[in-house]
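Content type mmCIF, C-alpha atoms, from the file run36.cif:
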data_entry
loop_
_atom_site.label_atom_id
_atom_site.label_comp_id
_atom_site.auth_asym_id
_atom_site.auth_seq_id
_atom_site.Cartn_x
_atom_site.Cartn_y
_atom_site.Cartn_z
CA MET A 1 39.15 165.86 120.51
CA ASN A 2 40.75 167.90 117.72
CA GLN A 3 38.65 168.70 114.67
CA THR A 4 39.88 169.16 111.12
CA LYS A 5 38.48 171.54 108.53
CA LEU A 6 38.77 170.16 105.01
CA ASN A 7 39.25 172.12 101.79
CA LYS A 8 37.52 171.37 98.51
CA TYR A 9 39.37 169.26 95.95
CA SER A 10 41.34 171.31 93.41
CA ARG A 11 39.49 169.43 90.68
CA SER A 12 36.71 166.87 90.54
CA VAL A 13 37.69 163.18 90.60
CA SER A 14 35.50 160.27 89.47
CA ILE A 15 35.53 156.49 89.68
CA ILE A 16 35.60 154.95 86.20
CA GLY A 17 36.46 151.32 86.91
CA VAL A 18 36.28 148.74 89.69
CA GLY A 19 37.39 145.13 90.05
CA CYS A 20 37.07 142.50 92.75
CA THR A 21 38.09 138.87 93.14
CA PRO A 22 35.86 136.36 94.89
CA PHE A 23 36.45 136.52 98.63
CA MET A 24 37.46 132.94 99.40
CA TYR A 25 39.34 130.35 101.38
CA THR A 26 42.20 129.99 98.92
CA VAL A 27 43.30 126.57 100.12
CA ASP A 28 39.83 125.21 99.27
CA ASN A 29 39.74 126.79 95.81
CA PRO A 30 41.74 124.95 93.13
CA GLU A 31 41.51 127.97 90.82
CA THR A 32 43.33 130.26 93.24
CA ASN A 33 45.47 128.03 95.44
CA GLY A 34 48.50 128.57 93.20
CA LEU A 35 48.20 132.35 93.02
CA THR A 36 50.81 134.55 94.59
CA GLU A 37 50.03 137.87 96.20
CA GLY A 38 51.08 139.72 93.04
CA GLU A 39 48.89 137.56 90.84
CA LEU A 40 45.84 138.06 93.06
CA PHE A 41 46.42 141.83 93.13
CA GLY A 42 46.87 141.76 89.35
CA TYR A 43 43.56 139.89 88.94
CA ALA A 44 41.67 142.76 90.60
CA ALA A 45 43.73 145.46 88.88
CA LEU A 46 43.12 144.02 85.40
CA LYS A 47 39.41 143.66 86.14
CA ALA A 48 39.26 147.33 87.15
CA MET A 49 41.08 148.41 83.98
CA GLU A 50 38.80 146.24 81.86
CA ASP A 51 35.75 147.77 83.58
CA ALA A 52 37.10 151.26 82.90
CA GLY A 53 37.90 150.41 79.29
CA ILE A 54 41.53 151.47 79.66
CA THR A 55 44.93 149.83 79.25
CA PRO A 56 47.95 149.98 81.58
CA LYS A 57 49.51 152.78 79.51
CA ASP A 58 46.61 155.06 80.53
CA VAL A 59 47.49 154.71 84.23
CA ASP A 60 49.96 157.30 85.58
CA TYR A 61 50.57 155.84 89.05
CA TYR A 62 49.32 153.13 91.34
CA PHE A 63 48.85 152.50 95.05
CA HIS A 64 49.27 149.07 96.65
CA GLY A 65 47.52 148.35 99.94
CA GLU A 66 48.04 145.36 102.21
CA ALA A 67 47.39 145.21 105.94
CA SER A 68 49.88 142.45 106.81
CA PRO A 69 52.39 141.78 104.02
CA LEU A 70 54.42 139.56 106.33
CA ASN A 71 51.58 137.02 106.13
CA SER A 72 52.04 136.58 102.41
CA SER A 73 54.90 138.28 100.59
CA ASN A 74 57.24 138.44 103.57
CA TYR A 75 59.01 141.52 102.20
CA ILE A 76 58.67 145.20 103.00
CA THR A 77 58.11 146.56 99.47
CA PRO A 78 55.22 144.52 98.05
CA ASN A 79 54.20 147.27 95.63
CA ILE A 80 57.32 146.89 93.48
CA GLN A 81 57.04 143.10 93.36
CA VAL A 82 53.66 142.98 91.60
CA ALA A 83 53.81 145.47 88.71
CA ASN A 84 54.57 142.94 85.97
CA TRP A 85 51.28 141.14 86.59
CA PHE A 86 49.16 144.06 85.37
CA GLY A 87 51.36 145.96 82.97
CA MET A 88 52.80 148.54 85.35
CA LYS A 89 56.52 147.86 85.01
CA GLY A 90 58.39 151.11 85.58
CA LYS A 91 55.37 153.03 86.89
CA GLY A 92 55.65 154.91 90.16
CA SER A 93 53.86 153.38 93.14
CA ILE A 94 53.48 153.43 96.93
CA HIS A 95 52.63 150.67 99.41
CA HIS A 96 50.51 151.51 102.44
CA SER A 97 48.87 149.74 105.37
CA GLU A 98 46.12 150.99 107.67
CA ALA A 99 44.91 147.62 108.94
CA CYS A 100 41.27 146.93 108.01
CA CYS A 101 40.78 150.54 106.86
CA THR A 102 43.43 150.16 104.15
CA GLY A 103 40.92 149.76 101.32
CA TYR A 104 38.96 152.87 102.23
CA LEU A 105 42.11 154.97 102.49
CA ALA A 106 43.28 153.41 99.21
CA LEU A 107 40.50 155.37 97.53
CA GLU A 108 41.41 158.58 99.36
CA GLN A 109 45.06 158.34 98.32
CA ALA A 110 44.11 157.84 94.67
CA VAL A 111 41.60 160.69 94.74
CA ASN A 112 44.08 163.07 96.37
CA ALA A 113 46.73 162.19 93.77
CA VAL A 114 44.40 163.11 90.89
CA ALA A 115 42.76 166.08 92.62
CA SER A 116 46.21 167.62 93.11
CA GLY A 117 46.65 167.76 89.34
CA LYS A 118 49.85 165.73 89.36
CA TYR A 119 48.23 162.65 87.80
CA ASN A 120 45.21 162.25 85.54
CA CYS A 121 44.47 158.55 85.95
CA VAL A 122 45.40 156.43 88.98
CA LEU A 123 44.93 152.79 89.98
CA SER A 124 44.55 151.86 93.63
CA GLY A 125 44.25 148.26 94.78
CA CYS A 126 44.49 146.09 97.86
CA VAL A 127 45.24 142.42 98.43
CA GLU A 128 45.18 140.24 101.51
CA PHE A 129 45.75 136.65 102.43
CA GLY A 130 43.74 136.77 105.63
CA ASP A 131 43.08 133.05 105.89
CA SER A 132 46.15 131.38 104.41
CA VAL A 133 49.93 131.54 104.50
CA ALA A 134 52.50 130.44 101.95
CA VAL A 135 54.03 127.02 102.43
CA PRO A 136 57.65 127.83 103.42
CA THR A 137 59.18 125.26 101.07
CA HIS A 138 56.85 126.05 98.17
CA PRO A 139 55.60 129.69 98.21
CA TYR A 140 53.22 129.14 95.28
CA ASN A 141 51.14 126.83 97.46
CA ARG A 142 49.22 127.98 100.51
CA GLU A 143 48.04 126.38 103.71
CA LYS A 144 45.43 127.36 106.28
CA MET A 145 46.63 130.12 108.60
CA PRO A 146 46.89 128.69 112.13
CA MET A 147 45.25 130.70 114.90
CA GLU A 148 48.63 131.31 116.54
CA LYS A 149 49.78 133.07 113.38
CA PHE A 150 46.61 135.14 113.14
CA LEU A 151 46.90 136.25 116.77
CA GLU A 152 50.51 137.12 116.15
CA THR A 153 49.38 139.27 113.24
CA THR A 154 46.77 141.15 115.27
CA ALA A 155 49.39 141.87 117.90
CA TRP A 156 51.25 143.95 115.30
CA ILE A 157 48.34 146.39 115.25
CA TYR A 158 48.81 147.61 118.81
CA ASP A 159 51.50 149.66 120.49
CA ARG A 160 53.71 147.48 122.70
CA ALA A 161 54.32 150.07 125.39
CA TYR A 162 50.74 151.04 126.19
CA THR A 163 47.88 149.59 124.17
CA ARG A 164 48.81 145.93 123.97
CA SER A 165 49.90 145.64 127.60
CA LEU A 166 46.56 147.11 128.70
CA ILE A 167 44.67 144.79 126.30
CA ALA A 168 42.94 147.96 125.13
CA GLY A 169 42.49 146.93 121.52
CA PRO A 170 40.63 143.63 121.98
CA ALA A 171 38.54 145.01 124.84
CA LEU A 172 37.41 147.97 122.78
CA ILE A 173 36.67 145.99 119.64
CA PHE A 174 34.46 143.16 120.82
CA ASP A 175 31.60 144.37 122.98
CA ASP A 176 32.13 148.08 123.45
CA ALA A 177 29.77 149.31 120.73
CA ALA A 178 27.01 146.85 121.68
CA GLU A 179 27.25 147.76 125.37
CA TYR A 180 27.24 151.47 124.53
CA TYR A 181 24.24 151.15 122.21
CA LYS A 182 22.27 149.03 124.67
CA ARG A 183 22.92 151.40 127.56
CA THR A 184 22.27 154.68 125.73
CA ASN A 185 19.00 153.38 124.26
CA ASN A 186 17.73 151.67 127.43
CA LEU A 187 17.58 148.23 125.83
CA THR A 188 17.74 144.90 127.63
CA ASP A 189 20.42 142.26 127.09
CA ALA A 190 17.81 140.10 125.34
CA GLN A 191 16.86 142.93 122.98
CA MET A 192 20.51 143.57 122.14
CA ASP A 193 20.99 139.90 121.42
CA ASP A 194 18.02 139.94 119.05
CA ILE A 195 19.37 143.02 117.25
CA LEU A 196 22.80 141.50 116.69
CA ASN A 197 21.25 138.30 115.39
CA HIS A 198 18.97 140.20 113.01
CA MET A 199 21.98 142.08 111.63
CA ALA A 200 23.73 138.76 110.96
CA ILE A 201 20.61 137.35 109.27
CA ASN A 202 20.29 140.45 107.05
CA ASN A 203 23.97 140.33 106.08
CA ARG A 204 23.65 136.67 105.12
CA ARG A 205 20.51 137.33 103.03
CA ASN A 206 22.51 139.88 101.07
CA ALA A 207 25.54 137.61 100.63
CA ALA A 208 23.42 134.65 99.54
CA LYS A 209 22.73 136.46 96.26
CA ASN A 210 26.31 137.61 95.72
CA PRO A 211 28.52 135.38 93.54
CA LEU A 212 31.69 136.88 95.05
CA ALA A 213 30.68 136.25 98.69
CA ILE A 214 32.30 133.56 100.78
CA MET A 215 28.98 132.51 102.40
CA ARG A 216 26.03 131.85 100.08
CA LYS A 217 23.56 129.99 102.32
CA GLU A 218 20.98 131.90 104.37
CA TYR A 219 20.70 131.29 108.09
CA ALA A 220 17.08 130.17 107.70
CA GLU A 221 18.27 127.29 105.51
CA ILE A 222 21.14 126.45 107.86
CA ALA A 223 18.72 126.43 110.79
CA LYS A 224 16.41 123.96 109.04
CA GLU A 225 19.31 121.67 108.26
CA ALA A 226 20.20 121.73 111.96
CA GLY A 227 16.62 120.81 112.94
CA PHE A 228 15.32 124.27 113.89
CA ASP A 229 11.98 125.56 112.60
CA ASP A 230 12.71 129.03 114.02
CA VAL A 231 15.85 130.74 112.70
CA MET A 232 16.12 132.93 115.79
CA ALA A 233 16.14 129.85 118.02
CA PHE A 234 19.08 128.61 115.96
CA MET A 235 20.86 131.96 116.27
CA LYS A 236 20.59 131.77 120.06
CA SER A 237 21.64 128.12 120.26
CA PRO A 238 25.07 126.56 120.87
CA TYR A 239 25.46 126.52 117.08
CA ASN A 240 26.03 130.28 117.39
CA PRO A 241 27.77 130.72 120.75
CA LYS A 242 28.54 134.02 122.42
CA MET A 243 32.16 135.19 122.34
CA GLY A 244 31.67 137.77 125.07
CA ASP A 245 28.81 139.53 126.81
CA TYR A 246 26.98 140.24 123.53
CA LEU A 247 28.86 139.27 120.39
CA ARG A 248 28.14 135.86 118.89
CA VAL A 249 30.13 133.96 116.28
CA SER A 250 27.70 135.16 113.56
CA GLY A 251 28.69 138.73 114.37
CA MET A 252 32.41 138.23 113.78
CA GLU A 253 34.37 138.66 110.57
CA LEU A 254 35.01 135.70 108.30
CA LYS A 255 38.70 136.23 107.55
CA CYS A 256 39.55 135.14 104.03
CA ASP A 257 41.69 135.91 100.98
CA GLY A 258 40.86 138.43 98.28
CA ALA A 259 41.76 141.55 96.32
CA ALA A 260 39.95 144.58 94.89
CA ALA A 261 40.89 147.66 92.87
CA VAL A 262 39.58 150.99 91.59
CA ILE A 263 40.49 153.36 88.75
CA VAL A 264 39.93 157.10 89.24
CA CYS A 265 40.54 159.97 86.86
CA ALA A 266 39.86 163.67 86.54
CA THR A 267 36.13 164.07 85.93
CA ASP A 268 36.62 166.43 83.01
CA MET A 269 38.71 163.74 81.28
CA VAL A 270 36.28 160.84 81.77
CA SER A 271 35.20 160.76 78.13
CA GLN A 272 38.82 160.23 77.08
CA PHE A 273 39.06 157.05 79.15
CA THR A 274 35.69 155.33 79.40
CA LYS A 275 32.07 155.19 78.31
CA ASN A 276 30.93 154.21 81.82
CA LYS A 277 28.79 156.73 83.62
CA PRO A 278 31.25 158.26 86.09
CA ILE A 279 30.68 158.26 89.83
CA GLU A 280 32.19 161.31 91.49
CA VAL A 281 34.00 161.13 94.82
CA ILE A 282 32.63 164.29 96.35
CA GLY A 283 34.34 164.04 99.72
CA ILE A 284 36.15 161.90 102.28
CA GLY A 285 36.38 162.56 106.00
CA SER A 286 38.99 160.83 108.14
CA SER A 287 39.86 160.42 111.82
CA ALA A 288 42.22 158.23 113.81
CA LEU A 289 42.31 157.45 117.53
CA GLU A 290 44.69 155.22 119.42
CA ALA A 291 43.22 151.98 120.75
CA SER A 292 43.31 153.07 124.38
CA THR A 293 40.70 155.79 123.70
CA PRO A 294 37.31 154.89 125.21
CA HIS A 295 34.59 154.38 122.57
CA LEU A 296 37.13 155.21 119.86
CA GLU A 297 35.05 153.87 116.97
CA ILE A 298 32.08 156.01 117.93
CA LYS A 299 34.15 159.16 118.48
CA ALA A 300 36.21 158.78 115.29
CA THR A 301 33.11 158.00 113.21
CA LYS A 302 31.42 161.16 114.46
CA GLU A 303 34.44 163.23 113.44
CA ALA A 304 34.84 161.64 110.00
CA VAL A 305 31.13 162.02 109.28
CA ARG A 306 31.16 165.63 110.50
CA GLN A 307 34.06 166.41 108.16
CA VAL A 308 32.49 164.94 105.05
CA TYR A 309 29.08 166.53 105.60
CA GLU A 310 30.66 169.91 106.27
CA LEU A 311 32.88 169.58 103.19
CA THR A 312 30.21 168.42 100.75
CA GLY A 313 27.04 170.02 102.06
CA VAL A 314 25.29 166.66 101.67
CA LYS A 315 22.45 166.01 104.11
CA PRO A 316 21.78 162.60 105.72
CA GLU A 317 18.41 162.36 104.01
CA GLU A 318 20.18 162.44 100.62
CA LEU A 319 21.89 159.08 101.25
CA ASP A 320 20.39 156.21 99.29
CA LEU A 321 22.80 153.46 100.33
CA PHE A 322 25.17 152.86 103.24
CA PHE A 323 28.18 150.63 103.81
CA ALA A 324 30.19 150.08 106.97
CA ASN A 325 33.19 147.89 107.65
CA ASP A 326 31.49 145.63 110.21
CA PHE A 327 34.10 143.06 111.17
CA ILE A 328 32.35 143.48 114.50
CA ILE A 329 28.76 143.51 113.31
CA THR A 330 27.50 146.24 115.66
CA SER A 331 29.51 148.70 113.57
CA HIS A 332 26.97 149.00 110.80
CA LEU A 333 24.18 149.94 113.21
CA ILE A 334 26.06 152.56 115.22
CA SER A 335 27.73 154.15 112.20
CA ALA A 336 24.47 154.30 110.21
CA GLU A 337 22.87 156.17 113.12
CA ILE A 338 25.84 158.53 113.52
CA ALA A 339 25.62 159.30 109.78
CA GLY A 340 21.88 159.96 110.11
CA TYR A 341 21.08 157.24 107.60
CA LEU A 342 19.04 155.55 110.32
CA PRO A 343 17.25 157.63 112.99
CA LYS A 344 19.17 157.97 116.24
CA GLY A 345 18.05 155.41 118.80
CA GLU A 346 15.61 153.85 116.35
CA GLY A 347 17.96 152.09 113.92
CA TRP A 348 17.62 148.79 115.73
CA LYS A 349 13.94 148.68 114.77
CA TYR A 350 14.86 149.00 111.09
CA VAL A 351 17.34 146.16 111.51
CA SER A 352 14.84 143.93 113.33
CA ASP A 353 12.18 144.53 110.66
CA GLY A 354 14.56 143.58 107.84
CA ARG A 355 14.52 147.09 106.39
CA THR A 356 18.33 147.21 106.15
CA ALA A 357 18.54 144.12 103.90
CA TYR A 358 19.03 144.62 100.15
CA ASP A 359 15.26 144.61 99.52
CA GLY A 360 14.44 147.03 102.34
CA ASP A 361 14.05 150.79 102.18
CA LYS A 362 17.31 151.47 104.08
CA PRO A 363 19.79 148.95 102.63
CA ILE A 364 23.13 148.48 104.37
CA ASN A 365 26.05 146.33 103.23
CA THR A 366 24.26 144.84 100.25
CA ASN A 367 27.27 142.62 99.54
CA GLY A 368 26.88 140.84 102.90
CA GLY A 369 29.40 142.75 104.99
CA ARG A 370 32.37 141.28 106.78
CA THR A 371 30.37 138.57 108.50
CA SER A 372 29.05 137.01 105.28
CA PHE A 373 30.78 138.51 102.24
CA GLY A 374 34.08 137.92 104.02
CA HIS A 375 36.94 139.99 105.36
CA ALA A 376 40.16 140.07 103.37
CA HIS A 377 41.38 142.82 105.68
CA SER A 378 42.94 145.50 103.44
CA ALA A 379 40.82 144.56 100.41
CA SER A 380 37.45 144.84 102.15
CA GLY A 381 37.08 148.59 101.71
CA LEU A 382 37.55 148.42 97.96
CA ALA A 383 35.23 145.39 97.84
CA ASP A 384 32.56 147.61 99.44
CA LEU A 385 33.33 150.30 96.87
CA TYR A 386 32.98 147.71 94.09
CA GLU A 387 29.52 146.77 95.40
CA ALA A 388 28.51 150.41 95.79
CA VAL A 389 29.48 151.20 92.20
CA MET A 390 27.65 148.12 90.88
CA GLN A 391 24.52 149.11 92.81
CA MET A 392 24.73 152.69 91.55
CA ARG A 393 24.98 151.38 87.99
CA GLY A 394 22.01 149.07 88.56
CA LEU A 395 24.05 145.93 87.82
CA CYS A 396 23.49 143.81 90.94
CA GLY A 397 20.81 141.49 89.61
CA GLU A 398 18.83 139.70 92.29
CA ARG A 399 20.29 141.80 95.09
CA GLN A 400 19.75 145.14 93.33
CA VAL A 401 18.23 147.62 95.76
CA LYS A 402 14.72 148.91 95.09
CA LYS A 403 15.72 152.52 94.41
CA LEU A 404 18.68 153.09 92.11
CA PRO A 405 21.18 154.85 94.42
CA LYS A 406 22.47 158.27 93.47
CA THR A 407 24.36 159.05 96.68
CA THR A 408 26.21 156.51 98.83
CA MET A 409 28.25 156.73 102.02
CA LEU A 410 30.94 154.21 102.94
CA ARG A 411 32.21 154.20 106.53
CA GLY A 412 35.63 152.59 106.91
CA TYR A 413 37.14 151.36 110.17
CA GLY A 414 40.22 149.36 110.96
CA GLY A 415 42.73 148.24 113.50
CA SER A 416 41.33 150.27 116.39
CA GLN A 417 42.75 153.37 114.78
CA ASN A 418 41.55 154.67 111.38
CA VAL A 419 38.01 155.68 110.45
CA THR A 420 36.82 157.22 107.18
CA ALA A 421 33.52 158.51 105.80
CA THR A 422 33.30 158.67 101.99
CA ILE A 423 30.47 160.08 99.89
CA ILE A 424 30.20 159.16 96.21
CA ARG A 425 27.55 160.37 93.80
CA THR A 426 26.41 159.51 90.30
CA LEU A 427 26.95 162.41 87.94
CA ASP A 428 23.92 163.62 85.99
#
Would you mind giving the structure from this file in structure tokens?
Amino acid sequence: MNQTKLNKYSRSVSIIGVGCTPFMYTVDNPETNGLTEGELFGYAALKAMEDAGITPKDVDYYFHGEASPLNSSNYITPNIQVANWFGMKGKGSIHHSEACCTGYLALEQAVNAVASGKYNCVLSGCVEFGDSVAVPTHPYNREKMPMEKFLETTAWIYDRAYTRSLIAGPALIFDDAAEYYKRTNNLTDAQMDDILNHMAINNRRNAAKNPLAIMRKEYAEIAKEAGFDDVMAFMKSPYNPKMGDYLRVSGMELKCDGAAAVIVCATDMVSQFTKNKPIEVIGIGSSALEASTPHLEIKATKEAVRQVYELTGVKPEELDLFFANDFIITSHLISAEIAGYLPKGEGWKYVSDGRTAYDGDKPINTNGGRTSFGHAHSASGLADLYEAVMQMRGLCGERQVKKLPKTTMLRGYGGSQNVTATIIRTLD
């Protein structure tokens, strides 16, 4: 596999503002059911500008990310249809789509634009209607996305000539990482089942204290309501059926609607824009492998992590907080081990002991991850970034981690293709 050597940024770039909508089922939310794609994107963009203490005139350029615009806008240039909703009329912009990794690469594009020196202050946002579609006769109203439509959407991810015909994408996504982890660490099927269930329980504990999360009830409470005294018995019951050899329903993404945004600027200009303590983006590694590559997530994560450590000189032991796009829940275990945030072959013990929950010593996905916070495909990466910034500022209330994080890694993954590894750090 080819390796890439990264160069240092031409100038330092810092995050000065973040914004995020609730991740929700729009059709069940009277406050958002009438929102268009542009209005939802604008919601997050305005929140990010408010957080940064800037106005639209301070922004030089913006990026618009959306994994599947045909599910909502049904046009090929969504970026130019939304500008009026957040004061960007006439500003330059670009639309991009990298499936579920869109939000992570949204940050990279913004950082690169400022690091180059061309722009001083850039907005990058993502929006997704992952659970609803516009009513054809009344596009301001939305209806639940039927499964046929969702499956049609996922088919767009894969190459028609090779990947899709071999069913490579779905086969690699569902059970590959769990099977690989079980086999390489000499675990039993029962142990692997326990590990996956513990990850789901930890994610839900985190989400239960997050006002933006789509799921706010812990599994222990749900189990009691279903007549189970033991939460693990509930997790192994028909209430939480297996979808394959290992993965259960609790380990799958909760597709939903949402948007998130970030404002970045040149670090030496931070005082001109905001009074917030800046958080520097010190490096981003990136790798992409086609869906027919065996163990692609593992291989691409290793390369992205290698790049960012080599670029920044950061050591795994310096990481205080870790995020991973875990629309298949095994992702946050394998990627945390690859990054060295959890010890290789031992991470499952941390998970099983609850040490990766928000109140543990190795917190992961403190917002609840894709299985409990929700997965608004393109927007999820920036939602993770929003949570990371809030944690690093010490503003997460009940779910605030024990040690105020200084250095955080976010591992992005999407569409059986793109993987990123981003390191951000609070400036002294």
Q. Nearest to A:Pro316: which of A:Pro343, A:Gly415, A:Gly92, A:Pro363 is it, counting only C-alpha atoms?
A. A:Pro343
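Applied to this file, the PyMOL selection byres ((chain A and resi 134-149) around 8) selects Thr26, Val27, Asn33, Gly34, Leu35, Thr36, Asn71, Ser72, Gly130, Asp131, Ser132, Val133, Phe150, Leu151, Glu152 and Thr153 of chain A.
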Within 6 Å of (41.2, 147.2, 99.2) (coordinates as in the file), grab all the protein and nucleic acid residues, counting all atoms listed in the file, and write them out as a compact mmCIF listing (two decimals) with C-alpha atoms, in the frame of the given file.
# COMPACT_ATOMS: atom_id res chain seq x y z
CA GLY A 103 40.92 149.76 101.32
CA GLY A 125 44.25 148.26 94.78
CA CYS A 126 44.49 146.09 97.86
CA ALA A 260 39.95 144.58 94.89
CA SER A 378 42.94 145.50 103.44
CA ALA A 379 40.82 144.56 100.41
CA SER A 380 37.45 144.84 102.15
CA GLY A 381 37.08 148.59 101.71
CA LEU A 382 37.55 148.42 97.96
(Q) Between A:Glu290, A:Asp175, A:Asp229, A:Asp60, which residue has the minimum interatomic distance to A:Asn418, considering all atoms listed in the file? (A) A:Glu290
Draw an axis-aligned box over all listed atoms of stretch 205-216 of chain A, pad each side with 6 Å, and write its centre and edge lengths in Å, one decimal, as AutoDock Vina command-line options.
--center_x 26.4 --center_y 135.9 --center_z 98.3 --size_x 23.8 --size_y 20.0 --size_z 21.5
